[in-house]
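What's in my_file.txt: compact mmCIF, C-alpha atoms and all ligand atoms
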```txt
# COMPACT_ATOMS: atom_id res chain seq x y z
CA MET A 62 27.03 -10.56 -24.95
CA LEU A 63 26.60 -10.33 -21.23
CA GLN A 64 22.97 -10.40 -20.29
CA ALA A 65 21.94 -7.71 -17.84
CA ARG A 66 21.14 -9.30 -14.50
CA PRO A 67 18.36 -7.95 -12.38
CA VAL A 68 19.32 -6.07 -9.26
CA PRO A 69 19.11 -8.34 -6.22
CA GLU A 70 15.84 -7.67 -4.45
CA LEU A 71 14.59 -8.83 -1.07
CA PRO A 72 14.03 -12.49 -2.05
CA GLU A 73 17.57 -12.76 -3.44
CA VAL A 74 19.01 -11.24 -0.27
CA GLU A 75 16.93 -13.53 1.95
CA THR A 76 18.01 -16.51 -0.18
CA THR A 77 21.62 -15.37 0.27
CA ARG A 78 21.13 -15.29 4.04
CA ARG A 79 19.67 -18.79 4.09
CA GLY A 80 22.33 -20.09 1.73
CA LEU A 81 25.24 -18.70 3.74
CA ALA A 82 24.05 -19.30 7.29
CA PRO A 83 24.86 -23.03 7.59
CA HIS A 84 28.40 -22.37 6.31
CA LEU A 85 29.12 -19.32 8.49
CA LEU A 86 27.44 -19.80 11.86
CA GLY A 87 29.96 -20.64 14.56
CA CYS A 88 32.95 -19.90 12.32
CA ARG A 89 35.65 -17.52 13.47
CA VAL A 90 36.88 -14.84 11.07
CA ILE A 91 40.68 -15.10 10.93
CA ALA A 92 41.44 -12.17 8.61
CA LEU A 93 40.04 -9.91 5.94
CA ASP A 94 41.60 -9.73 2.48
CA VAL A 95 40.39 -6.50 0.89
CA ARG A 96 41.57 -6.33 -2.74
CA GLN A 97 39.33 -3.41 -3.66
CA PRO A 98 38.10 -1.20 -0.80
CA ARG A 99 36.22 1.25 -3.02
CA LEU A 100 32.67 -0.05 -3.04
CA ARG A 101 29.65 2.26 -2.84
CA TRP A 102 31.33 3.42 0.36
CA PRO A 103 34.85 2.34 1.32
CA VAL A 104 35.06 -0.95 3.21
CA ALA A 105 34.75 0.32 6.78
CA ARG A 106 37.98 0.70 8.72
CA ALA A 107 36.09 -0.37 11.87
CA LEU A 108 35.08 -3.61 10.13
CA ARG A 109 38.69 -4.33 9.25
CA THR A 110 39.71 -3.59 12.83
CA HIS A 111 36.99 -5.37 14.78
CA LEU A 112 35.93 -8.38 12.69
CA PRO A 113 39.13 -10.48 12.66
CA GLY A 114 39.19 -12.87 15.63
CA GLN A 115 35.41 -12.80 16.09
CA ARG A 116 33.01 -15.73 15.93
CA ILE A 117 29.90 -15.40 13.74
CA GLU A 118 26.88 -15.68 16.04
CA ALA A 119 23.95 -15.03 13.70
CA ILE A 120 23.03 -13.71 10.28
CA GLU A 121 20.00 -11.50 9.98
CA ARG A 122 18.38 -9.64 7.10
CA ARG A 123 16.92 -6.14 7.43
CA ALA A 124 15.47 -4.74 4.19
CA LYS A 125 18.16 -5.62 1.63
CA TYR A 126 21.00 -5.51 4.19
CA LEU A 127 22.62 -8.56 5.74
CA LEU A 128 23.78 -8.19 9.34
CA VAL A 129 26.48 -10.65 10.37
CA HIS A 130 26.46 -10.53 14.15
CA THR A 131 29.57 -11.02 16.30
CA GLN A 132 30.28 -10.19 19.93
CA PRO A 133 31.58 -6.60 19.49
CA GLY A 134 29.22 -5.68 16.65
CA SER A 135 27.82 -6.55 13.26
CA ALA A 136 29.06 -6.43 9.71
CA LEU A 137 26.49 -4.60 7.58
CA LEU A 138 26.57 -5.94 4.02
CA HIS A 139 24.64 -4.85 0.91
CA LEU A 140 24.81 -6.50 -2.51
CA GLY A 141 24.20 -3.26 -4.42
CA MET A 142 23.33 -3.71 -8.10
CA SER A 143 25.40 -6.78 -8.89
CA GLY A 144 26.96 -8.17 -5.72
CA SER A 145 27.02 -11.76 -4.52
CA LEU A 146 28.50 -13.73 -1.64
CA ARG A 147 29.78 -17.31 -1.67
CA VAL A 148 31.62 -19.62 0.72
CA LEU A 149 34.56 -21.25 -1.05
CA PRO A 150 37.69 -23.25 -0.22
CA ALA A 151 40.37 -20.78 0.89
CA ASP A 152 42.67 -21.70 -2.02
CA THR A 153 40.09 -20.77 -4.70
CA ALA A 154 41.85 -18.20 -6.93
CA PRO A 155 40.08 -14.82 -6.91
CA GLY A 156 38.71 -13.29 -10.10
CA PRO A 157 38.85 -9.61 -11.10
CA HIS A 158 35.57 -8.73 -9.35
CA ASP A 159 36.24 -10.68 -6.13
CA HIS A 160 36.87 -7.64 -3.94
CA VAL A 161 36.72 -8.90 -0.35
CA ASP A 162 37.43 -12.27 1.33
CA TRP A 163 36.73 -13.11 4.93
CA ARG A 164 39.13 -15.92 5.83
CA LEU A 165 37.40 -18.36 8.18
CA ASP A 166 38.74 -20.93 10.62
CA SER A 167 36.77 -23.58 8.68
CA GLY A 168 39.37 -23.45 5.90
CA GLN A 169 36.98 -21.51 3.70
CA VAL A 170 36.52 -17.90 2.69
CA LEU A 171 33.39 -15.78 2.46
CA ARG A 172 33.98 -14.12 -0.91
CA TYR A 173 32.26 -10.91 -2.02
CA THR A 174 32.01 -10.47 -5.80
CA ASP A 175 30.63 -7.27 -7.32
CA PRO A 176 31.35 -6.14 -10.91
CA ARG A 177 29.64 -2.76 -10.48
CA ARG A 178 30.82 -2.11 -6.90
CA PHE A 179 27.57 -0.56 -5.62
CA GLY A 180 27.47 -2.82 -2.56
CA CYS A 181 28.99 -2.14 0.83
CA GLN A 182 30.72 -3.70 3.84
CA LEU A 183 30.21 -1.51 6.90
CA TRP A 184 30.31 -1.92 10.67
CA GLN A 185 27.67 -1.46 13.36
CA PRO A 186 28.98 -1.55 16.95
CA ARG A 187 26.91 -3.69 19.34
CA GLY A 188 24.10 -1.72 20.94
CA THR A 189 23.92 0.85 18.12
CA MET A 190 21.92 1.13 14.91
CA HIS A 191 23.69 2.14 11.72
CA PRO A 192 22.21 5.34 10.19
CA LEU A 193 21.38 3.39 7.01
CA LEU A 194 18.93 1.28 9.02
CA ALA A 195 17.45 4.02 11.18
CA ALA A 196 14.70 5.35 8.91
CA LEU A 197 13.50 2.05 7.46
CA GLY A 198 9.83 1.07 7.48
CA PRO A 199 8.53 -2.36 8.50
CA GLU A 200 9.49 -5.63 6.85
CA PRO A 201 6.92 -6.63 4.20
CA LEU A 202 6.64 -10.20 5.53
CA SER A 203 6.09 -9.05 9.12
CA GLU A 204 2.74 -8.50 10.82
CA ALA A 205 3.60 -4.80 11.12
CA PHE A 206 2.98 -4.47 7.37
CA ASP A 207 -0.61 -4.69 6.19
CA GLY A 208 -3.25 -2.92 4.12
CA ASP A 209 -4.31 -0.68 6.97
CA LEU A 210 -0.77 0.67 7.28
CA LEU A 211 -0.67 1.42 3.55
CA TRP A 212 -4.06 3.07 3.67
CA HIS A 213 -3.27 5.24 6.70
CA ARG A 214 0.14 6.31 5.43
CA SER A 215 -1.15 7.13 1.93
CA ARG A 216 -3.93 9.55 2.87
CA GLY A 217 -3.39 12.91 1.16
CA ARG A 218 -0.52 11.63 -0.98
CA ARG A 219 -0.58 12.50 -4.65
CA ALA A 220 2.53 10.50 -5.59
CA ALA A 221 1.99 7.44 -7.78
CA VAL A 222 1.05 4.37 -5.77
CA LYS A 223 4.02 2.51 -7.23
CA LEU A 224 6.46 5.09 -5.81
CA PHE A 225 4.61 5.01 -2.50
CA LEU A 226 4.98 1.20 -2.35
CA MET A 227 8.70 1.46 -3.16
CA ASP A 228 9.31 4.11 -0.47
CA GLN A 229 11.60 2.41 2.10
CA ALA A 230 10.13 4.54 4.87
CA ILE A 231 6.68 2.99 4.18
CA VAL A 232 7.76 -0.63 3.72
CA VAL A 233 11.22 -2.00 2.95
CA GLY A 234 12.37 -4.31 0.22
CA VAL A 235 9.64 -3.85 -2.39
CA GLY A 236 11.78 -3.02 -5.41
CA ASN A 237 10.82 -2.27 -8.97
CA ILE A 238 10.09 -5.84 -10.06
CA TYR A 239 7.95 -6.81 -7.08
CA ALA A 240 6.13 -3.46 -6.95
CA SER A 241 5.14 -3.94 -10.61
CA GLU A 242 4.06 -7.52 -10.04
CA ALA A 243 2.12 -6.84 -6.83
CA LEU A 244 0.24 -3.90 -8.38
CA PHE A 245 -0.72 -6.11 -11.32
CA ALA A 246 -1.89 -8.90 -9.02
CA ALA A 247 -3.96 -6.39 -7.04
CA GLY A 248 -5.39 -4.78 -10.21
CA ILE A 249 -4.10 -1.31 -9.33
CA HIS A 250 -2.72 1.02 -12.01
CA PRO A 251 0.86 1.99 -11.01
CA ALA A 252 0.33 5.69 -11.79
CA ARG A 253 -2.79 6.07 -9.65
CA ALA A 254 -2.35 8.60 -6.83
CA ALA A 255 -1.51 6.76 -3.61
CA GLY A 256 -4.10 8.77 -1.72
CA ALA A 257 -6.84 7.74 -4.17
CA VAL A 258 -6.56 3.99 -3.55
CA SER A 259 -9.25 2.56 -1.28
CA ARG A 260 -8.65 0.72 1.96
CA ALA A 261 -9.99 -2.54 0.50
CA ARG A 262 -7.59 -2.32 -2.44
CA TYR A 263 -4.64 -1.67 -0.11
CA VAL A 264 -5.59 -4.77 1.89
CA ARG A 265 -5.45 -6.74 -1.38
CA LEU A 266 -2.16 -5.07 -2.35
CA ALA A 267 -0.46 -5.86 0.96
CA ASP A 268 -1.61 -9.49 0.67
CA GLU A 269 -0.20 -9.70 -2.89
CA VAL A 270 3.14 -8.18 -1.81
CA LYS A 271 3.45 -10.83 0.91
CA ARG A 272 2.35 -13.68 -1.35
CA ILE A 273 4.69 -12.74 -4.22
CA LEU A 274 7.74 -12.15 -2.02
CA ALA A 275 7.17 -15.37 -0.06
CA HIS A 276 6.77 -17.34 -3.29
CA ALA A 277 9.98 -15.87 -4.72
CA ILE A 278 11.88 -16.83 -1.55
CA THR A 279 10.53 -20.37 -1.88
CA ARG A 280 11.81 -20.53 -5.45
CA GLY A 281 15.20 -19.24 -4.32
CA GLY A 282 15.49 -22.32 -2.13
CA THR A 283 16.32 -24.35 -5.23
CA THR A 284 19.54 -22.34 -5.69
CA LEU A 285 21.03 -22.79 -2.22
CA ARG A 286 23.83 -25.09 -3.44
CA ASP A 287 25.12 -22.20 -5.63
CA PHE A 288 26.40 -20.47 -2.49
CA ILE A 289 29.22 -22.99 -2.23
CA SER A 290 29.87 -23.35 -5.97
CA PRO A 291 32.80 -21.49 -7.57
CA ASP A 292 30.89 -20.95 -10.85
CA GLY A 293 27.92 -18.82 -11.56
CA VAL A 294 26.35 -16.12 -9.47
CA PRO A 295 24.29 -17.24 -6.49
CA GLY A 296 21.20 -15.56 -5.21
CA TYR A 297 19.58 -15.00 -8.59
CA PHE A 298 16.80 -17.19 -9.82
CA GLU A 299 14.14 -17.31 -12.49
CA GLN A 300 11.01 -15.40 -11.61
CA GLU A 301 7.50 -16.04 -12.85
CA LEU A 302 6.70 -12.55 -14.05
CA PHE A 303 3.30 -11.31 -15.23
CA VAL A 304 4.23 -7.78 -16.31
CA TYR A 305 7.82 -6.84 -15.48
CA GLY A 306 9.98 -6.77 -18.63
CA ARG A 307 7.06 -7.95 -20.81
CA ALA A 308 6.24 -4.75 -22.77
CA GLY A 309 4.24 -5.59 -25.90
CA GLU A 310 3.68 -9.20 -24.88
CA PRO A 311 0.13 -10.37 -24.17
CA CYS A 312 -1.17 -10.11 -20.60
CA ARG A 313 -1.25 -13.60 -19.11
CA VAL A 314 -4.74 -12.88 -17.75
CA CYS A 315 -6.60 -10.91 -20.45
CA GLY A 316 -4.36 -10.99 -23.53
CA ALA A 317 -4.02 -7.19 -23.90
CA PRO A 318 -0.47 -6.05 -24.74
CA ILE A 319 1.52 -5.15 -21.60
CA ARG A 320 2.50 -1.48 -21.58
CA ALA A 321 5.76 0.08 -20.45
CA GLY A 322 6.10 3.54 -18.95
CA VAL A 323 8.33 5.49 -16.63
CA ILE A 324 7.32 6.48 -13.09
CA GLY A 325 9.89 8.23 -10.93
CA GLN A 326 12.62 7.49 -13.50
CA ARG A 327 12.04 3.75 -13.14
CA SER A 328 10.65 1.54 -15.88
CA THR A 329 7.14 0.41 -15.11
CA PHE A 330 5.08 -2.34 -16.69
CA TYR A 331 1.34 -2.77 -16.43
CA CYS A 332 -1.73 -4.16 -18.15
CA PRO A 333 -4.00 -1.32 -19.31
CA ARG A 334 -7.04 -3.59 -19.03
CA CYS A 335 -6.44 -5.42 -15.73
CA GLN A 336 -5.10 -2.43 -13.77
CA ARG A 337 -7.21 0.59 -12.90
ZN ZN B 1 -4.57 -7.95 -18.45
```
Write the structure described by the file as structure tokens, please.
Ligand SMILES: [Zn+2]
Amino acid sequence: MLQARPVPELPEVETTRRGLAPHLLGCRVIALDVRQPRLRWPVARALRTHLPGQRIEAIERRAKYLLVHTQPGSALLHLGMSGSLRVLPADTAPGPHDHVDWRLDSGQVLRYTDPRRFGCQLWQPRGTMHPLLAALGPEPLSEAFDGDLLWHRSRGRRAAVKLFLMDQAIVVGVGNIYASEALFAAGIHPARAAGAVSRARYVRLADEVKRILAHAITRGGTTLRDFISPDGVPGYFEQELFVYGRAGEPCRVCGAPIRAGVIGQRSTFYCPRCQR
């Protein structure tokens, strides 16, 4: 039985960036081998046209996108539900889900693997912003994100605070797992109306989002060697979870059974005693 893997969230994407950077920076892309162009969107024609011949100048993360910068523009990559990227020797035989290789002048390939094909490989010309990035809120680990922002933006909103926190226009990269965990850590019930959460509790929530994401990125550091290993799937690592996926198990703080529910068609886990 294949075990369902969690969707890569911000810490996995940031770990991917850190894992790939030392192997990609300064390399020139010689050619693209696209075995399967049909990802969430087709592999961009402009990427296939402009990337070969270019040197990789920098790798940046924005929300859950990776931007691989070159002189004429940037490759915009997303891992979707099940995608991963590795740097391998060029003669490593591809498997059935290895859809795209970037052949590099280092004698290696950047290989994109994605069983469910919900990721993407798009192109952003220099000096422009891709429409996918245009409406994004601030990065959760930046100073632009804090409790005051959450409080101001939530006034008058009746949507559940968990949906509000997962809204990419409010703050990017807080997916289902980390929203559940941060709300638990802040003691806020996930179904509470966003507009009914106090300023002080939003300050606590923003701090918990930052703490939990930063800690997860630190843990991801132990997996960096996986980005140059032909086995396994890099960018995924064990999380220390308090509520997510623990329905019926005792709360690690108070012992009450963790409850599961559905908010906005997403599974939600919370402690009925610790979260109000
Ligand atoms: Zn509890």
Quick one: contact table of chain A to ligand ZN 1 (chain B), 6 Å max, nearest atom pair and distance in Å to one decimal per residue, counting all atoms listed in the file, chain and number order, as CSV?
```
residue,atom,partner,partner_atom,distance
A:Cys312,CA,B:ZN1,ZN,4.6
A:Val314,CA,B:ZN1,ZN,5.0
A:Cys315,CA,B:ZN1,ZN,4.1
A:Gly316,CA,B:ZN1,ZN,5.9
A:Ala317,CA,B:ZN1,ZN,5.5
A:Cys332,CA,B:ZN1,ZN,4.7
A:Arg334,CA,B:ZN1,ZN,5.0
A:Cys335,CA,B:ZN1,ZN,4.2
```
Shortest contact to Arg109 (chain A), candidates A:Gln182, A:Thr189, A:Ser328, A:Ser290, atoms counted only C-alpha atoms, goes to A:Gln182
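Between Ile91 (chain A) and the residues A:Leu165, A:Leu138, A:Ala124, A:Ala119, the shortest atom-to-atom distance, using all atoms listed in the file, involves A:Leu165.
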Just the number, please: distance in Å from CA of Glu73 (chain A) to CA of Gly296 (chain A), one decimal.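 Between these atoms lies a distance of 4.9 Å.
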What's the separation between CA of Gly80 (chain A) and CA of Arg116 (chain A), in Å to one decimal place? 18.3 Å
Once you add 4 Å to each side, what are the centre and edge lengths of the axis-aligned box holding all listed atoms of region 241-259 of chain A? One decimal in Å, as AutoDock Vina command-line options, if you can.
```
--center_x -2.1 --center_y -0.1 --center_z -6.6 --size_x 22.4 --size_y 25.7 --size_z 18.7
```
Coordinates-based distance that separates CA of Gln97 (chain A) from CA of Gln229 (chain A) (Å, one decimal):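 CA of Gln229 (chain A) sits 28.9 Å away from CA of Gln97 (chain A).
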Can you list, as an mmCIF file with C-alpha atoms, in the frame of the given file, every protein, DNA or RNA residue that comes within 12 Å of Leu108 (chain A) when you count all atoms listed in the file, leaving out same-chain residues fewer than 5 positions away?
```
data_model
loop_
_atom_site.group_PDB
_atom_site.id
_atom_site.type_symbol
_atom_site.label_atom_id
_atom_site.label_comp_id
_atom_site.auth_asym_id
_atom_site.auth_seq_id
_atom_site.Cartn_x
_atom_site.Cartn_y
_atom_site.Cartn_z
ATOM 1 C CA VAL A 90 36.880 -14.840 11.070
ATOM 2 C CA ALA A 92 41.440 -12.170 8.610
ATOM 3 C CA LEU A 93 40.040 -9.910 5.940
ATOM 4 C CA ASP A 94 41.600 -9.730 2.480
ATOM 5 C CA VAL A 95 40.390 -6.500 0.890
ATOM 6 C CA PRO A 98 38.100 -1.200 -0.800
ATOM 7 C CA PRO A 103 34.850 2.340 1.320
ATOM 8 C CA PRO A 113 39.130 -10.480 12.660
ATOM 9 C CA GLY A 114 39.190 -12.870 15.630
ATOM 10 C CA GLN A 115 35.410 -12.800 16.090
ATOM 11 C CA VAL A 129 26.480 -10.650 10.370
ATOM 12 C CA HIS A 130 26.460 -10.530 14.150
ATOM 13 C CA THR A 131 29.570 -11.020 16.300
ATOM 14 C CA PRO A 133 31.580 -6.600 19.490
ATOM 15 C CA GLY A 134 29.220 -5.680 16.650
ATOM 16 C CA SER A 135 27.820 -6.550 13.260
ATOM 17 C CA ALA A 136 29.060 -6.430 9.710
ATOM 18 C CA LEU A 137 26.490 -4.600 7.580
ATOM 19 C CA LEU A 138 26.570 -5.940 4.020
ATOM 20 C CA VAL A 161 36.720 -8.900 -0.350
ATOM 21 C CA TRP A 163 36.730 -13.110 4.930
ATOM 22 C CA CYS A 181 28.990 -2.140 0.830
ATOM 23 C CA GLN A 182 30.720 -3.700 3.840
ATOM 24 C CA LEU A 183 30.210 -1.510 6.900
ATOM 25 C CA TRP A 184 30.310 -1.920 10.670
ATOM 26 C CA GLN A 185 27.670 -1.460 13.360
ATOM 27 C CA PRO A 186 28.980 -1.550 16.950
#
```
Please list, as a PyMOL selection string, the residues that have an atom at most 9 Å away from (13.9, -0.3, 5.8) in the coordinates of this file, counting all atoms listed in the file. chain A and resi 123-126+193-200+228-234
Which neighbours of Arg272 (chain A) fall inside 12 Å, counting only C-alpha atoms, when residues of the same chain fewer than 2 positions from it are skipped, and could you give them as number ranges by chain? A: 72, 201-202, 239, 242-243, 246-247, 265-270, 274-279
Given the choices A:Ser241, A:Ser203, A:Thr153, A:Arg253, which gets closest to Ser215 (chain A) if the distance is worked out from only C-alpha atoms?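 Using only C-alpha atoms, Ser215 (chain A) sits closest to A:Arg253.
Using all atoms listed in the file, the smallest distance between any of A:Val222, A:Ala105, A:Ile319, A:Cys88 and Ala257 (chain A) comes from A:Val222.
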Name the residues within 8 Å of (31.9, -20.0, 18.1), counting only C-alpha atoms in the file's coordinates, and put them as JSON, numbers by chain. {"A": [86, 87, 88, 89, 116, 117, 118]}
Quick one: residues within 12 Å of Asp292 (chain A), all atoms listed in the file, excluding same-chain residues fewer than 4 positions away - as a list in words? Ser145, Leu146, Arg147, Val148, Leu149, Thr153, Ala154, Pro155, Gly156, Thr174, Arg286, Asp287 and Phe288 of chain A
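Using all atoms listed in the file, the nearest neighbour of Ser167 (chain A) within the list A:His84, A:Ile324, A:Leu100, A:Gly281 is A:His84.
Here the question is which of A:Val170, A:Leu81, A:Ile273, A:Ala221 gets nearest to His250 (chain A) using all atoms listed in the file, and that residue is A:Ala221.
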